[in-house]
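S.K.: Hey, dropping structure-v3.txt in here, compact mmCIF, C-alpha atoms:
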```txt
# COMPACT_ATOMS: atom_id res chain seq x y z
CA MET A 1481 63.31 113.69 76.44
CA LEU A 1482 64.53 113.94 80.04
CA LYS A 1483 66.39 111.00 81.55
CA LYS A 1484 66.53 110.28 85.27
CA SER A 1485 68.25 107.47 87.15
CA PRO A 1486 66.28 106.00 90.09
CA THR A 1487 69.51 105.72 92.06
CA GLU A 1488 70.01 109.49 91.89
CA LEU A 1489 66.49 110.29 93.07
CA THR A 1490 65.10 110.33 96.59
CA GLU A 1491 62.40 107.84 97.61
CA ARG A 1492 59.86 110.66 97.38
CA GLU A 1493 60.99 111.65 93.89
CA ASN A 1494 60.75 108.04 92.68
CA TYR A 1495 57.31 107.79 94.28
CA LYS A 1496 56.02 110.92 92.51
CA LEU A 1497 57.26 109.78 89.11
CA LEU A 1498 55.72 106.32 89.50
CA ILE A 1499 52.28 107.29 90.81
CA GLY A 1500 52.06 110.19 88.38
CA SER A 1501 52.75 108.06 85.32
CA VAL A 1502 51.38 104.59 86.15
CA ILE A 1503 47.76 105.73 85.92
CA PRO A 1504 44.97 104.95 86.34
CA ARG A 1505 45.49 102.33 89.05
CA PRO A 1506 42.66 100.14 90.36
CA VAL A 1507 41.94 100.53 94.06
CA ALA A 1508 41.46 97.65 96.47
CA VAL A 1509 39.63 98.36 99.70
CA VAL A 1510 41.12 95.62 101.85
CA ALA A 1511 39.49 94.09 104.91
CA THR A 1512 41.58 92.02 107.31
CA LYS A 1513 41.23 90.83 110.88
CA SER A 1514 43.91 90.90 113.54
CA LYS A 1515 44.69 88.04 115.91
CA GLU A 1516 42.78 90.10 118.49
CA GLU A 1517 39.67 90.02 116.20
CA ILE A 1518 39.90 93.72 115.29
CA ILE A 1519 38.70 94.45 111.75
CA ASN A 1520 41.01 96.62 109.68
CA ILE A 1521 39.87 98.41 106.51
CA ALA A 1522 42.27 100.28 104.23
CA PRO A 1523 42.52 101.33 100.55
CA PHE A 1524 45.53 100.42 98.38
CA SER A 1525 46.32 101.27 94.76
CA TYR A 1526 49.40 99.09 94.35
CA PHE A 1527 46.98 96.36 93.31
CA ASN A 1528 46.22 94.24 90.24
CA ILE A 1529 45.57 90.82 88.65
CA VAL A 1530 48.40 88.30 88.45
CA SER A 1531 46.75 85.14 87.13
CA SER A 1532 43.34 83.70 86.24
CA ASN A 1533 44.46 80.06 86.55
CA PRO A 1534 44.49 79.96 89.50
CA PRO A 1535 42.82 83.34 90.18
CA ILE A 1536 45.43 85.42 91.99
CA LEU A 1537 45.55 89.12 92.86
CA SER A 1538 48.60 91.16 93.82
CA LEU A 1539 48.74 93.68 96.64
CA ALA A 1540 51.85 95.65 97.55
CA ILE A 1541 51.96 97.46 100.88
CA GLN A 1542 54.73 99.91 101.68
CA ARG A 1543 56.30 99.87 105.13
CA LYS A 1544 56.64 103.01 107.21
CA GLU A 1545 60.10 103.38 108.70
CA GLY A 1546 60.52 99.64 108.33
CA LYS A 1547 57.34 98.82 110.23
CA LEU A 1548 54.49 96.70 108.87
CA LYS A 1549 51.16 98.38 108.30
CA ASP A 1550 48.19 96.78 110.06
CA THR A 1551 46.84 95.25 106.83
CA ALA A 1552 50.17 93.60 106.02
CA ARG A 1553 50.62 92.32 109.57
CA ASN A 1554 47.11 90.87 109.61
CA ILE A 1555 47.58 89.06 106.29
CA LEU A 1556 50.84 87.55 107.50
CA ASP A 1557 49.20 86.49 110.78
CA THR A 1558 45.88 85.10 109.51
CA LYS A 1559 46.65 84.43 105.80
CA GLU A 1560 43.26 85.93 104.83
CA ALA A 1561 41.81 89.12 103.33
CA VAL A 1562 38.75 90.42 101.53
CA ILE A 1563 39.46 92.59 98.49
CA HIS A 1564 36.68 95.04 97.55
CA ILE A 1565 36.66 96.98 94.28
CA LEU A 1566 36.30 100.69 95.01
CA ASP A 1567 33.33 102.25 93.20
CA GLU A 1568 31.77 105.69 92.89
CA ASP A 1569 29.11 104.99 95.52
CA ASN A 1570 31.72 104.06 98.14
CA LEU A 1571 34.54 106.54 97.47
CA GLU A 1572 33.77 108.94 100.31
CA GLU A 1573 33.42 106.22 102.94
CA ALA A 1574 36.48 104.31 101.68
CA ASN A 1575 38.57 107.48 101.85
CA LYS A 1576 37.81 107.70 105.58
CA THR A 1577 39.54 104.35 106.11
CA ALA A 1578 42.89 105.86 105.06
CA ALA A 1579 43.09 107.54 108.47
CA ASN A 1580 46.01 106.64 110.73
CA LEU A 1581 44.61 104.69 113.66
CA SER A 1582 46.27 102.55 116.27
CA GLN A 1583 46.37 98.78 115.85
CA GLU A 1584 43.67 98.47 118.53
CA GLU A 1585 41.17 100.64 116.61
CA SER A 1586 38.98 99.67 113.65
CA GLU A 1587 38.48 102.00 110.70
CA LEU A 1588 34.88 100.80 110.58
CA SER A 1589 34.14 103.15 113.46
CA LEU A 1590 34.89 106.10 111.14
CA THR A 1591 32.52 105.02 108.38
CA GLU A 1592 28.93 104.11 107.56
CA PHE A 1593 30.06 100.75 106.17
CA SER A 1594 28.36 97.60 107.43
CA VAL A 1595 29.88 94.12 107.38
CA LYS A 1596 28.67 90.60 106.68
CA ASP A 1597 30.21 87.17 107.19
CA SER A 1598 32.32 85.65 104.44
CA ASN A 1599 31.77 82.07 103.29
CA THR A 1600 35.30 80.68 102.94
CA ILE A 1601 37.35 82.81 105.34
CA ALA A 1602 36.93 84.38 108.79
CA VAL A 1603 37.37 87.99 107.63
CA PRO A 1604 34.02 89.79 107.10
CA ALA A 1605 33.20 91.75 103.94
CA LEU A 1606 31.70 95.19 103.36
CA GLU A 1607 28.04 94.90 102.39
CA GLU A 1608 28.14 98.07 100.29
CA ALA A 1609 30.74 96.84 97.77
CA LYS A 1610 29.35 95.70 94.40
CA VAL A 1611 32.28 93.33 93.80
CA HIS A 1612 34.54 91.69 96.33
CA PHE A 1613 36.80 88.66 96.56
CA GLU A 1614 37.44 86.38 99.49
CA THR A 1615 41.15 85.51 99.38
CA ARG A 1616 43.84 83.49 101.10
CA LEU A 1617 47.56 84.19 101.05
CA TYR A 1618 49.27 82.33 98.20
CA ASP A 1619 52.74 83.83 98.60
CA HIS A 1620 54.60 86.72 100.19
CA LEU A 1621 57.71 88.54 99.00
CA ALA A 1622 59.61 91.07 101.07
CA ILE A 1623 60.96 93.99 99.01
CA ILE A 1624 64.42 94.82 100.32
CA LYS A 1625 66.72 97.81 99.82
CA ASP A 1626 70.05 98.14 101.62
CA GLN A 1627 69.19 95.13 103.80
CA GLU A 1628 65.96 96.78 104.99
CA THR A 1629 62.48 95.61 104.06
CA THR A 1630 60.68 98.57 102.52
CA ALA A 1631 57.51 96.89 101.24
CA ASP A 1632 55.60 93.62 101.21
CA LEU A 1633 54.18 92.04 98.07
CA PHE A 1634 51.27 89.68 98.66
CA LEU A 1635 49.85 87.21 96.16
CA LEU A 1636 46.29 86.44 97.20
CA LYS A 1637 44.34 83.49 95.80
CA VAL A 1638 40.62 84.08 95.28
CA THR A 1639 38.52 81.54 97.17
CA GLU A 1640 35.13 83.04 96.29
CA TYR A 1641 33.74 85.85 94.12
CA HIS A 1642 30.88 88.05 95.28
CA LEU A 1643 29.07 89.92 92.51
CA ASP A 1644 26.06 92.21 92.88
CA GLU A 1645 23.24 91.36 90.47
CA SER A 1646 23.09 95.01 89.41
CA VAL A 1647 26.53 94.80 87.76
CA TYR A 1648 26.86 91.12 86.78
CA ASP A 1649 25.12 89.40 83.87
CA GLU A 1650 24.75 85.70 84.66
CA LYS A 1651 24.04 84.82 81.00
CA THR A 1652 27.20 86.38 79.56
CA GLY A 1653 29.40 86.01 82.63
CA ARG A 1654 30.44 89.65 82.26
CA ILE A 1655 30.53 92.61 84.62
CA ASP A 1656 29.11 95.88 83.28
CA PRO A 1657 31.89 98.48 83.78
CA VAL A 1658 29.48 101.42 83.66
CA LYS A 1659 27.15 99.96 86.29
CA LEU A 1660 30.11 98.96 88.48
CA GLY A 1661 31.48 102.51 88.33
CA ALA A 1662 34.93 101.52 89.51
CA ILE A 1663 37.15 104.32 90.77
CA SER A 1664 40.86 104.48 89.93
CA ARG A 1665 43.72 106.26 91.66
CA LEU A 1666 45.81 109.01 90.13
CA ALA A 1667 48.37 111.07 92.06
CA GLY A 1668 47.97 113.33 95.08
CA ASN A 1669 44.33 113.48 96.19
CA ASP A 1670 43.04 112.72 92.69
CA TYR A 1671 40.83 109.82 91.63
CA ALA A 1672 39.18 109.06 88.28
CA THR A 1673 36.00 107.44 87.03
CA ILE A 1674 35.81 105.01 84.10
CA GLY A 1675 35.25 107.81 81.55
CA ASP A 1676 35.02 107.00 77.85
CA ILE A 1677 35.20 103.35 76.83
CA ILE A 1678 37.04 102.68 73.56
CA ASN A 1679 36.41 99.38 71.77
CA ILE A 1680 39.22 98.23 69.45
CA PRO A 1681 39.17 94.61 68.20
CA ARG A 1682 42.48 92.76 68.55
CA PRO A 1683 44.31 91.82 65.37
CA GLU A 1684 44.01 88.17 64.30
```
Would you write out, as structure tokens, the structure that this file holds?

M.R.:
Amino acid sequence: MLKKSPTELTERENYKLLIGSVIPRPVAVVATKSKEEIINIAPFSYFNIVSSNPPILSLAIQRKEGKLKDTARNILDTKEAVIHILDEDNLEEANKTAANLSQEESELSLTEFSVKDSNTIAVPALEEAKVHFETRLYDHLAIIKDQETTADLFLLKVTEYHLDESVYDEKTGRIDPVKLGAISRLAGNDYATIGDIINIPRPE
């Protein structure tokens, strides 16, 4: 088996090894609003669950040449974000939001997405998403290398769940993974669907 030390690899080499092996990764389509009221939409795959009590999600956003991305800046400024789960029906439109726009432009202008008001925060949500979470900033950690911040880790506390009736069973309290059709991130330009579901009971 090959052995490689992260300290002997470039940032790009570390990146390729991580995103190529830590798969599949769930994708958050994140909506934020700037202090100037501009809505920002962007997809991120450095995203997961941290805790269910209280319900907290993690979102890591890499900096570019030390500069904050619009999503990170907006979360730090307003302390709010809407996290949408990427699904098969929204993949094409969500991919459009990965475009590099200026801070004064909204990615919504590139898509067919429509927005609706949230209940607990000021940031609007995408109507087309089957599952989304209204969140507020719980904590923020700067990731630092050689005295330079290279990424920002956000812990976001869920203030309200939004669940489409087509994917959520009120009686069981469960979300149907097939009907949700969540999309996961691989490496490069590759994404993956749910695929086969394997049921293995846990040992007692």

S.K.: Have a look at CA of Arg1505 in chain A and CA of Ile1536 in chain A and let me know their distance in Å, one decimal.

M.R.: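 Between CA of Arg1505 in chain A and CA of Ile1536 in chain A the gap is 17.2 Å.
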
S.K.: Which is closer to Asp1644 in chain A than all the others in A:His1564, A:Lys1544, A:Arg1665, A:Arg1553, using only C-alpha atoms?

M.R.: A:His1564

S.K.: What lies within 12 Å of Pro1486 in chain A using only C-alpha atoms, ignoring chain neighbours under 4 positions off, as a CSV table (one decimal) with C-alpha atoms, in the coordinates of the input?

M.R.:
```csv
chain,number,residue,atom,x,y,z
A,1490,THR,CA,65.1,110.3,96.6
A,1491,GLU,CA,62.4,107.8,97.6
A,1492,ARG,CA,59.9,110.7,97.4
A,1493,GLU,CA,61.0,111.6,93.9
A,1494,ASN,CA,60.8,108.0,92.7
A,1495,TYR,CA,57.3,107.8,94.3
A,1496,LYS,CA,56.0,110.9,92.5
A,1497,LEU,CA,57.3,109.8,89.1
A,1498,LEU,CA,55.7,106.3,89.5
```

S.K.: Please measure the separation of CA of Lys1651 in chain A and CA of Asn1679 in chain A, giving the value in Å to one decimal.

M.R.: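 We find that CA of Lys1651 in chain A and CA of Asn1679 in chain A lie 21.2 Å from each other.
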
S.K.: So that I can check the surroundings of Glu1560 in chain A, please list as a list of chain:residue names every protein, DNA and RNA residue that reaches within 10 Å of it, counting all atoms listed in the file and ignoring chain neighbours fewer than 5 positions away.

M.R.: A:Ala1511, A:Thr1512, A:Lys1513, A:Asn1554, A:Ile1555, A:Thr1600, A:Ile1601, A:Ala1602, A:Val1603, A:Glu1614, A:Thr1615, A:Arg1616, A:Leu1617, A:Tyr1618, A:Leu1636, A:Lys1637

S.K.: What's the 10 Å shell around Ile1499 in chain A, counting all atoms listed in the file, without same-chain residues fewer than 6 positions away, as a VMD selection string?

M.R.: chain A and resid 1505 1525 to 1526 1665 to 1668

S.K.: For C-alpha atoms, I'd like the residues from the last selection saved as a PDB file, in the frame of the given file.

M.R.:
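To be explicit, this is the file written out as out_10.pdb:
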```
ATOM      1  CA  ARG A1505      45.490 102.330  89.050  1.00  0.00           C
ATOM      2  CA  SER A1525      46.320 101.270  94.760  1.00  0.00           C
ATOM      3  CA  TYR A1526      49.400  99.090  94.350  1.00  0.00           C
ATOM      4  CA  ARG A1665      43.720 106.260  91.660  1.00  0.00           C
ATOM      5  CA  LEU A1666      45.810 109.010  90.130  1.00  0.00           C
ATOM      6  CA  ALA A1667      48.370 111.070  92.060  1.00  0.00           C
ATOM      7  CA  GLY A1668      47.970 113.330  95.080  1.00  0.00           C
TER       8      GLY A1668
END
```

S.K.: Quick one: of A:Ala1622, A:Met1481, A:Leu1489, A:Ala1508, who's nearest to Asn1575 in chain A, counting only C-alpha atoms?

M.R.: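 Of A:Ala1622, A:Met1481, A:Leu1489, A:Ala1508, the one nearest Asn1575 in chain A is A:Ala1508, counting only C-alpha atoms.
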
S.K.: Please provide as a PyMOL selection string all residues within 12 Å of Leu1621 in chain A, with the sequence filter that same-chain residues fewer than 4 positions apart are discarded (counting all atoms listed in the file).

M.R.: chain A and resi 1538-1541+1552+1556+1617+1629-1636

S.K.: For the atom pair CA of Glu1568 in chain A and CA of Ile1678 in chain A, what is the interatomic distance in Å to one decimal place?

M.R.: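 Distance between the two atoms: 20.3 Å.
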
S.K.: Measuring atom to atom with only C-alpha atoms, identify which of A:Ile1503, A:Ser1598, A:Pro1535, A:Lys1625 is nearest to Ser1664 in chain A.

M.R.: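 For Ser1664 in chain A, the nearest of the given residues is A:Ile1503.
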